[in-house]
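> I am sharing final12.pdb, which consists of PDB, C-alpha atoms, pLDDT in the B column:
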```pdb
ATOM      1  CA  MET A 113      58.618 186.823  -5.424  1.00 44.00           C
ATOM      2  CA  LYS A 114      59.946 188.838  -2.460  1.00 41.00           C
ATOM      3  CA  ILE A 115      56.432 190.142  -1.758  1.00 43.00           C
ATOM      4  CA  LEU A 116      54.996 186.603  -1.750  1.00 40.00           C
ATOM      5  CA  LEU A 117      57.773 185.366   0.520  1.00 40.00           C
ATOM      6  CA  LEU A 118      57.167 188.208   2.948  1.00 37.00           C
ATOM      7  CA  ALA A 119      53.437 187.490   2.986  1.00 40.00           C
ATOM      8  CA  GLY A 120      54.177 183.831   3.699  1.00 42.00           C
ATOM      9  CA  LEU A 121      56.341 184.807   6.671  1.00 39.00           C
ATOM     10  CA  LEU A 122      53.812 187.249   8.058  1.00 38.00           C
ATOM     11  CA  PHE A 123      50.762 185.007   7.751  1.00 37.00           C
ATOM     12  CA  PRO A 124      51.754 182.414  10.400  1.00 40.00           C
ATOM     13  CA  PHE A 125      52.713 185.212  12.779  1.00 36.00           C
ATOM     14  CA  SER A 126      49.349 186.891  12.289  1.00 38.00           C
ATOM     15  CA  SER A 127      47.496 183.605  12.852  1.00 40.00           C
ATOM     16  CA  SER A 128      49.437 182.994  16.070  1.00 43.00           C
ATOM     17  CA  VAL A 129      48.590 186.433  17.432  1.00 43.00           C
ATOM     18  CA  ASN A 130      44.909 185.998  16.576  1.00 49.00           C
ATOM     19  CA  ALA A 131      44.838 182.585  18.246  1.00 48.00           C
ATOM     20  CA  GLN A 132      46.323 184.035  21.426  1.00 55.00           C
ATOM     21  CA  THR A 133      43.912 186.962  21.396  1.00 61.00           C
ATOM     22  CA  THR A 134      40.973 184.612  20.933  1.00 90.00           C
ATOM     23  CA  ALA A 135      42.222 182.390  23.752  1.00 94.00           C
ATOM     24  CA  GLU A 136      42.421 185.443  25.989  1.00 95.00           C
ATOM     25  CA  GLU A 137      38.872 186.445  25.057  1.00 96.00           C
ATOM     26  CA  PHE A 138      37.559 182.966  25.827  1.00 96.00           C
ATOM     27  CA  PHE A 139      39.446 182.993  29.118  1.00 96.00           C
ATOM     28  CA  LYS A 140      38.043 186.368  30.171  1.00 96.00           C
ATOM     29  CA  GLU A 141      34.519 185.225  29.360  1.00 95.00           C
ATOM     30  CA  GLY A 142      35.031 181.956  31.237  1.00 95.00           C
ATOM     31  CA  GLN A 143      36.515 183.865  34.157  1.00 93.00           C
ATOM     32  CA  ARG A 144      33.516 186.225  34.206  1.00 94.00           C
ATOM     33  CA  LYS A 145      31.091 183.302  34.240  1.00 94.00           C
ATOM     34  CA  SER A 146      33.159 181.577  36.930  1.00 91.00           C
ATOM     35  CA  ILE A 147      32.728 184.591  39.192  1.00 89.00           C
ATOM     36  CA  GLN A 148      29.052 184.887  38.229  1.00 90.00           C
ATOM     37  CA  SER A 149      28.485 181.235  39.176  1.00 88.00           C
ATOM     38  CA  TYR A 150      29.076 182.065  42.849  1.00 84.00           C
ATOM     39  CA  GLY A 151      26.417 184.794  42.896  1.00 81.00           C
ATOM     40  CA  LYS A 152      22.635 184.934  42.724  1.00 75.00           C
ATOM     41  CA  GLU A 153      22.692 184.485  38.946  1.00 75.00           C
ATOM     42  CA  GLY A 154      24.783 181.325  39.190  1.00 74.00           C
ATOM     43  CA  GLY A 155      23.704 177.749  38.645  1.00 86.00           C
ATOM     44  CA  PRO A 156      24.675 174.570  36.778  1.00 90.00           C
ATOM     45  CA  ALA A 157      24.150 176.190  33.359  1.00 93.00           C
ATOM     46  CA  VAL A 158      26.550 179.044  34.180  1.00 93.00           C
ATOM     47  CA  VAL A 159      29.148 176.577  35.486  1.00 94.00           C
ATOM     48  CA  ASP A 160      28.889 174.495  32.306  1.00 95.00           C
ATOM     49  CA  ALA A 161      29.149 177.614  30.137  1.00 96.00           C
ATOM     50  CA  ALA A 162      32.269 178.718  32.045  1.00 96.00           C
ATOM     51  CA  ILE A 163      33.861 175.289  31.557  1.00 97.00           C
ATOM     52  CA  ALA A 164      33.067 175.429  27.825  1.00 97.00           C
ATOM     53  CA  ASP A 165      34.717 178.842  27.409  1.00 97.00           C
ATOM     54  CA  LEU A 166      37.773 177.871  29.431  1.00 97.00           C
ATOM     55  CA  SER A 167      38.114 174.652  27.441  1.00 97.00           C
ATOM     56  CA  ARG A 168      38.103 176.689  24.221  1.00 97.00           C
ATOM     57  CA  ALA A 169      40.846 178.917  25.630  1.00 97.00           C
ATOM     58  CA  ILE A 170      42.919 175.844  26.517  1.00 97.00           C
ATOM     59  CA  LYS A 171      42.408 174.311  23.087  1.00 96.00           C
ATOM     60  CA  LEU A 172      43.763 177.468  21.465  1.00 96.00           C
ATOM     61  CA  LYS A 173      46.536 177.939  24.027  1.00 96.00           C
ATOM     62  CA  PRO A 174      47.492 174.584  25.613  1.00 97.00           C
ATOM     63  CA  ASP A 175      49.903 176.188  28.127  1.00 96.00           C
ATOM     64  CA  TYR A 176      47.240 178.531  29.555  1.00 97.00           C
ATOM     65  CA  HIS A 177      47.685 177.712  33.251  1.00 96.00           C
ATOM     66  CA  ASP A 178      45.168 180.311  34.478  1.00 96.00           C
ATOM     67  CA  ALA A 179      42.501 178.685  32.315  1.00 97.00           C
ATOM     68  CA  TYR A 180      43.264 175.256  33.770  1.00 97.00           C
ATOM     69  CA  ASN A 181      43.007 176.729  37.266  1.00 97.00           C
ATOM     70  CA  PHE A 182      39.638 178.389  36.671  1.00 96.00           C
ATOM     71  CA  ARG A 183      38.305 175.313  34.902  1.00 97.00           C
ATOM     72  CA  GLY A 184      39.412 173.299  37.927  1.00 98.00           C
ATOM     73  CA  ASN A 185      37.367 175.636  40.134  1.00 96.00           C
ATOM     74  CA  MET A 186      34.300 175.035  38.027  1.00 96.00           C
ATOM     75  CA  LYS A 187      34.779 171.268  37.936  1.00 97.00           C
ATOM     76  CA  ALA A 188      35.111 171.303  41.718  1.00 96.00           C
ATOM     77  CA  ALA A 189      31.869 173.302  41.934  1.00 94.00           C
ATOM     78  CA  LYS A 190      30.188 170.546  39.886  1.00 94.00           C
ATOM     79  CA  GLY A 191      31.545 167.876  42.211  1.00 94.00           C
ATOM     80  CA  ASP A 192      33.991 166.539  39.629  1.00 97.00           C
ATOM     81  CA  LEU A 193      36.855 166.330  42.120  1.00 97.00           C
ATOM     82  CA  GLU A 194      39.002 164.066  39.946  1.00 97.00           C
ATOM     83  CA  GLY A 195      38.690 166.398  36.965  1.00 98.00           C
ATOM     84  CA  ALA A 196      39.402 169.412  39.172  1.00 98.00           C
ATOM     85  CA  ALA A 197      42.528 167.795  40.641  1.00 98.00           C
ATOM     86  CA  ASP A 198      43.749 166.984  37.123  1.00 98.00           C
ATOM     87  CA  ASP A 199      43.257 170.584  35.991  1.00 98.00           C
ATOM     88  CA  TYR A 200      45.042 171.984  39.056  1.00 98.00           C
ATOM     89  CA  SER A 201      47.902 169.537  38.486  1.00 97.00           C
ATOM     90  CA  LYS A 202      48.205 170.741  34.904  1.00 97.00           C
ATOM     91  CA  ALA A 203      48.193 174.379  36.059  1.00 97.00           C
ATOM     92  CA  ILE A 204      50.966 173.540  38.543  1.00 97.00           C
ATOM     93  CA  GLU A 205      52.940 171.743  35.849  1.00 96.00           C
ATOM     94  CA  LEU A 206      52.775 174.855  33.686  1.00 96.00           C
ATOM     95  CA  SER A 207      53.440 177.359  36.496  1.00 93.00           C
ATOM     96  CA  THR A 208      55.043 175.689  39.519  1.00 76.00           C
ATOM     97  CA  ALA A 209      55.529 178.857  41.591  1.00 78.00           C
ATOM     98  CA  THR A 210      51.829 179.725  41.936  1.00 91.00           C
ATOM     99  CA  ALA A 211      50.689 179.115  45.518  1.00 96.00           C
ATOM    100  CA  ALA A 212      46.997 179.494  44.654  1.00 96.00           C
ATOM    101  CA  TYR A 213      47.098 176.438  42.404  1.00 97.00           C
ATOM    102  CA  TYR A 214      48.603 174.286  45.147  1.00 97.00           C
ATOM    103  CA  GLY A 215      46.020 175.622  47.594  1.00 97.00           C
ATOM    104  CA  ASN A 216      43.154 174.808  45.240  1.00 97.00           C
ATOM    105  CA  ARG A 217      44.445 171.296  44.651  1.00 98.00           C
ATOM    106  CA  ALA A 218      44.901 170.797  48.390  1.00 98.00           C
ATOM    107  CA  SER A 219      41.235 171.681  48.975  1.00 97.00           C
ATOM    108  CA  VAL A 220      40.106 169.144  46.369  1.00 98.00           C
ATOM    109  CA  LEU A 221      42.443 166.432  47.668  1.00 98.00           C
ATOM    110  CA  LYS A 222      41.053 166.976  51.172  1.00 97.00           C
ATOM    111  CA  LYS A 223      37.503 166.514  49.867  1.00 96.00           C
ATOM    112  CA  LYS A 224      38.653 163.336  48.132  1.00 95.00           C
ATOM    113  CA  GLY A 225      40.015 162.055  51.436  1.00 95.00           C
ATOM    114  CA  ASP A 226      43.669 162.301  50.403  1.00 96.00           C
ATOM    115  CA  ILE A 227      44.785 164.139  53.547  1.00 96.00           C
ATOM    116  CA  LYS A 228      48.485 163.371  53.087  1.00 95.00           C
ATOM    117  CA  GLY A 229      48.395 164.632  49.508  1.00 97.00           C
ATOM    118  CA  ALA A 230      46.609 167.772  50.647  1.00 98.00           C
ATOM    119  CA  LEU A 231      49.175 168.243  53.418  1.00 98.00           C
ATOM    120  CA  ALA A 232      52.044 168.084  50.922  1.00 97.00           C
ATOM    121  CA  ASP A 233      50.385 170.835  48.862  1.00 98.00           C
ATOM    122  CA  ARG A 234      49.758 172.968  51.958  1.00 97.00           C
ATOM    123  CA  LYS A 235      53.447 172.700  52.851  1.00 97.00           C
ATOM    124  CA  THR A 236      54.284 174.030  49.400  1.00 97.00           C
ATOM    125  CA  VAL A 237      51.819 176.907  49.840  1.00 97.00           C
ATOM    126  CA  ILE A 238      53.555 177.892  53.090  1.00 97.00           C
ATOM    127  CA  LYS A 239      56.962 177.648  51.423  1.00 96.00           C
ATOM    128  CA  LEU A 240      55.777 180.010  48.684  1.00 96.00           C
ATOM    129  CA  ARG A 241      53.862 182.321  51.045  1.00 96.00           C
ATOM    130  CA  PRO A 242      55.601 182.079  54.427  1.00 97.00           C
ATOM    131  CA  LYS A 243      53.918 185.217  55.786  1.00 96.00           C
ATOM    132  CA  ASP A 244      50.330 184.205  54.962  1.00 96.00           C
ATOM    133  CA  GLY A 245      48.569 183.259  58.198  1.00 97.00           C
ATOM    134  CA  ARG A 246      45.744 181.511  56.362  1.00 96.00           C
ATOM    135  CA  GLY A 247      48.196 178.956  54.970  1.00 96.00           C
ATOM    136  CA  TYR A 248      49.191 177.889  58.483  1.00 98.00           C
ATOM    137  CA  MET A 249      45.548 177.680  59.511  1.00 98.00           C
ATOM    138  CA  GLU A 250      44.709 175.412  56.595  1.00 97.00           C
ATOM    139  CA  ARG A 251      47.685 173.151  57.244  1.00 98.00           C
ATOM    140  CA  GLY A 252      46.722 173.049  60.918  1.00 98.00           C
ATOM    141  CA  GLU A 253      43.255 171.811  59.959  1.00 97.00           C
ATOM    142  CA  LEU A 254      44.832 168.913  58.074  1.00 97.00           C
ATOM    143  CA  LEU A 255      47.079 168.062  61.013  1.00 98.00           C
ATOM    144  CA  VAL A 256      43.955 167.871  63.206  1.00 97.00           C
ATOM    145  CA  GLU A 257      42.536 165.387  60.693  1.00 95.00           C
ATOM    146  CA  LEU A 258      45.715 163.327  61.171  1.00 96.00           C
ATOM    147  CA  GLU A 259      45.389 163.719  64.977  1.00 97.00           C
ATOM    148  CA  ASP A 260      48.704 165.578  65.159  1.00 97.00           C
ATOM    149  CA  TYR A 261      47.254 168.067  67.627  1.00 98.00           C
ATOM    150  CA  LYS A 262      50.579 169.476  68.806  1.00 97.00           C
ATOM    151  CA  GLY A 263      51.648 170.135  65.241  1.00 98.00           C
ATOM    152  CA  ALA A 264      48.258 171.718  64.572  1.00 98.00           C
ATOM    153  CA  LEU A 265      48.635 174.001  67.614  1.00 98.00           C
ATOM    154  CA  ALA A 266      52.021 175.178  66.361  1.00 98.00           C
ATOM    155  CA  ASP A 267      50.464 176.057  62.989  1.00 98.00           C
ATOM    156  CA  PHE A 268      47.447 177.786  64.559  1.00 98.00           C
ATOM    157  CA  ASP A 269      49.759 179.809  66.831  1.00 98.00           C
ATOM    158  CA  LYS A 270      51.785 180.885  63.795  1.00 98.00           C
ATOM    159  CA  GLY A 271      48.627 181.726  61.877  1.00 98.00           C
ATOM    160  CA  ILE A 272      47.311 183.920  64.685  1.00 97.00           C
ATOM    161  CA  ALA A 273      50.687 185.676  64.998  1.00 97.00           C
ATOM    162  CA  LEU A 274      50.724 186.476  61.276  1.00 97.00           C
ATOM    163  CA  ALA A 275      47.007 187.240  60.849  1.00 96.00           C
ATOM    164  CA  PRO A 276      45.414 188.191  64.204  1.00 93.00           C
ATOM    165  CA  GLU A 277      42.364 189.525  62.356  1.00 93.00           C
ATOM    166  CA  LEU A 278      41.595 185.994  61.116  1.00 95.00           C
ATOM    167  CA  TYR A 279      39.505 185.202  64.188  1.00 94.00           C
ATOM    168  CA  VAL A 280      38.283 181.832  62.893  1.00 96.00           C
ATOM    169  CA  ILE A 281      41.729 180.369  63.669  1.00 97.00           C
ATOM    170  CA  ARG A 282      40.910 180.611  67.369  1.00 97.00           C
ATOM    171  CA  GLN A 283      37.881 178.373  66.916  1.00 97.00           C
ATOM    172  CA  LYS A 284      40.027 175.802  65.131  1.00 97.00           C
ATOM    173  CA  ARG A 285      42.756 176.016  67.762  1.00 98.00           C
ATOM    174  CA  ALA A 286      40.134 175.422  70.449  1.00 98.00           C
ATOM    175  CA  LYS A 287      39.368 172.064  68.836  1.00 96.00           C
ATOM    176  CA  ALA A 288      43.024 171.044  69.063  1.00 97.00           C
ATOM    177  CA  TYR A 289      43.238 172.206  72.684  1.00 98.00           C
ATOM    178  CA  ARG A 290      40.137 170.205  73.540  1.00 97.00           C
ATOM    179  CA  ALA A 291      41.542 167.083  71.885  1.00 97.00           C
ATOM    180  CA  LEU A 292      44.605 167.420  74.128  1.00 97.00           C
ATOM    181  CA  GLY A 293      42.422 167.839  77.230  1.00 97.00           C
ATOM    182  CA  GLN A 294      43.310 171.511  77.696  1.00 98.00           C
ATOM    183  CA  LYS A 295      39.760 172.635  78.451  1.00 97.00           C
ATOM    184  CA  ASP A 296      40.559 176.070  79.902  1.00 98.00           C
ATOM    185  CA  LEU A 297      42.577 177.096  76.855  1.00 98.00           C
ATOM    186  CA  ALA A 298      39.871 175.738  74.545  1.00 98.00           C
ATOM    187  CA  ASP A 299      37.158 177.665  76.407  1.00 98.00           C
ATOM    188  CA  ALA A 300      39.242 180.857  76.269  1.00 97.00           C
ATOM    189  CA  ASP A 301      39.747 180.521  72.521  1.00 97.00           C
ATOM    190  CA  GLU A 302      36.058 179.878  71.873  1.00 97.00           C
ATOM    191  CA  LYS A 303      35.108 182.904  73.990  1.00 97.00           C
ATOM    192  CA  ARG A 304      37.614 185.100  72.144  1.00 96.00           C
ATOM    193  CA  PHE A 305      36.388 183.744  68.805  1.00 96.00           C
ATOM    194  CA  ALA A 306      32.752 184.617  69.643  1.00 96.00           C
ATOM    195  CA  GLU A 307      33.732 188.125  70.762  1.00 95.00           C
ATOM    196  CA  GLU A 308      35.840 188.873  67.689  1.00 93.00           C
ATOM    197  CA  LYS A 309      33.195 187.462  65.333  1.00 92.00           C
ATOM    198  CA  ALA A 310      30.510 189.646  66.935  1.00 92.00           C
ATOM    199  CA  ALA A 311      32.770 192.714  66.723  1.00 90.00           C
ATOM    200  CA  PHE A 312      33.508 192.024  63.062  1.00 87.00           C
ATOM    201  CA  PHE A 313      29.834 191.845  62.071  1.00 88.00           C
ATOM    202  CA  GLU A 314      28.958 194.838  64.215  1.00 84.00           C
ATOM    203  CA  LYS A 315      31.595 196.879  62.393  1.00 83.00           C
ATOM    204  CA  LEU A 316      30.366 195.515  59.048  1.00 79.00           C
ATOM    205  CA  LEU A 317      26.787 196.655  59.723  1.00 82.00           C
ATOM    206  CA  ARG A 318      27.654 200.195  60.790  1.00 78.00           C
TER     207      ARG A 318
END
```
Now, as a test, write the supplied structure out as structure tokens.


Amino acid sequence: MKILLLAGLLFPFSSSVNAQTTAEEFFKEGQRKSIQSYGKEGGPAVVDAAIADLSRAIKLKPDYHDAYNFRGNMKAAKGDLEGAADDYSKAIELSTATAAYYGNRASVLKKKGDIKGALADRKTVIKLRPKDGRGYMERGELLVELEDYKGALADFDKGIALAPELYVIRQKRAKAYRALGQKDLADADEKRFAEEKAAFFEKLLR
């Protein structure tokens, strides 16, 4: 009787472990295909296969926030912006302190035309990663969309201070300068952007 009772206690535990392991295997395969989809071997079939694997992982482990995030990436790649936003929202619900999830949802919301929603997510990204210059750049882009050029300039300035190697910020700041009629500053930024871009690719090709 004791042996049977012990077996009954162990069996559910074993099943749970196997389910988690299988979910992890499906996730890793979906993740691999997600990365593959962006390369030369990518395509709609690879995207669909990645979504299928990630969906299996989620079915086995409903709180798998990484799987929701990667599936959101693949849905976005397919143009399913609503489905992608839903998956990112679920990932955020399950892991609220992950800046990448907010950033991914912000990108999708921007494509959907929900600039204010995207801006709210970008603010959260900056709160979670206050020393990431790219976050300020991306929020600055949204402020340009809202024609808050002074606010955008403040974000671009902060982005350049934190990440001077991110030369593309200068091109974006030039747009804000030009909108405010500050032609000389816009021209200077565009010139600096061209120089730094050329230097980057020259170094890359050495």

> Can you list, as a ChimeraX atom specification, the residues that the PyMOL selection byres ((chain A and resi 234-246) around 6) selects here?

/A:211,231-233,247-249,251,271,274-275

> When distances are computed from only C-alpha atoms, which of A:Asn216, A:Gln148, A:Gln283, A:Gln143 shows the smallest separation from A:Ala203?

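Nearest to A:Ala203: A:Asn216.
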
> Which residue, A:Lys190, A:Asp260, A:Arg144, A:Phe138, has the smallest gap to A:Leu166 when you use all atoms listed in the file?

A:Phe138

> I'd like to see the residues matched by the PyMOL selection byres ((chain A and resi 202) around 10) on this file, and ideally I'd get them as a list in words.

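Written out, the selection comes to Asp175, Tyr176, His177, Tyr180, Asn181, Gly184, Ala196, Ala197, Asp198, Asp199, Tyr200, Ser201, Ala203, Ile204, Glu205, Leu206, Ser207, Thr208 and Tyr213 of chain A.
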
> Within 12 Å of (39.2, 173.5, 70.1) (file coordinates; only C-alpha atoms), which protein or nucleic acid residues are there? I'd like them as a ChimeraX atom specification.

/A:252-253,256,261,264-265,268,280-305

> Please report the interatomic distance between atom CA of A:Asp269 and atom CA of A:Glu308 in Å with one decimal.

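Atom-to-atom, atom CA of A:Asp269 to atom CA of A:Glu308, that is 16.6 Å.
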
> Around stretch 266-272 of chain A, fit a box with edges along x, y and z, padding it by 5 Å on each side, then list its centre and edge lengths in Å to one decimal as AutoDock Vina command-line options.


```
--center_x 49.7 --center_y 179.5 --center_z 64.4 --size_x 14.7 --size_y 18.7 --size_z 15.0
```

> For atom CA of A:Ser167 and atom CA of A:Lys222, quote the distance in Å rounded to one decimal.

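Those two atoms sit 25.1 Å apart.
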
> As a check of understanding, name the residues that the PyMOL selection byres ((chain A and resi 142) around 10) selects in the supplied structure, as a VMD selection string.

chain A and resid 136 to 141 143 to 148 158 to 169 179 182 to 183 186

> What is the distance between atom CA of A:Asn185 and atom CA of A:Val220, in Å to one decimal?

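Separating atom CA of A:Asn185 from atom CA of A:Val220 is a distance of 9.4 Å.
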
> Got a sec: who's within 8 Å of A:Ser219, counting all atoms listed in the file, leaving out chain neighbours fewer than 4 positions off, as a list of chain:residue names?

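Here the qualifying residues turn out to be A:Gly215, A:Lys223, A:Ala230.
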
> Tell me which of A:Asp178, A:Lys173, A:Ala157, A:Gly151 sits closest to A:Thr134, counting all atoms listed in the file.

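Of A:Asp178, A:Lys173, A:Ala157, A:Gly151, the one nearest A:Thr134, counting all atoms listed in the file, is A:Lys173.
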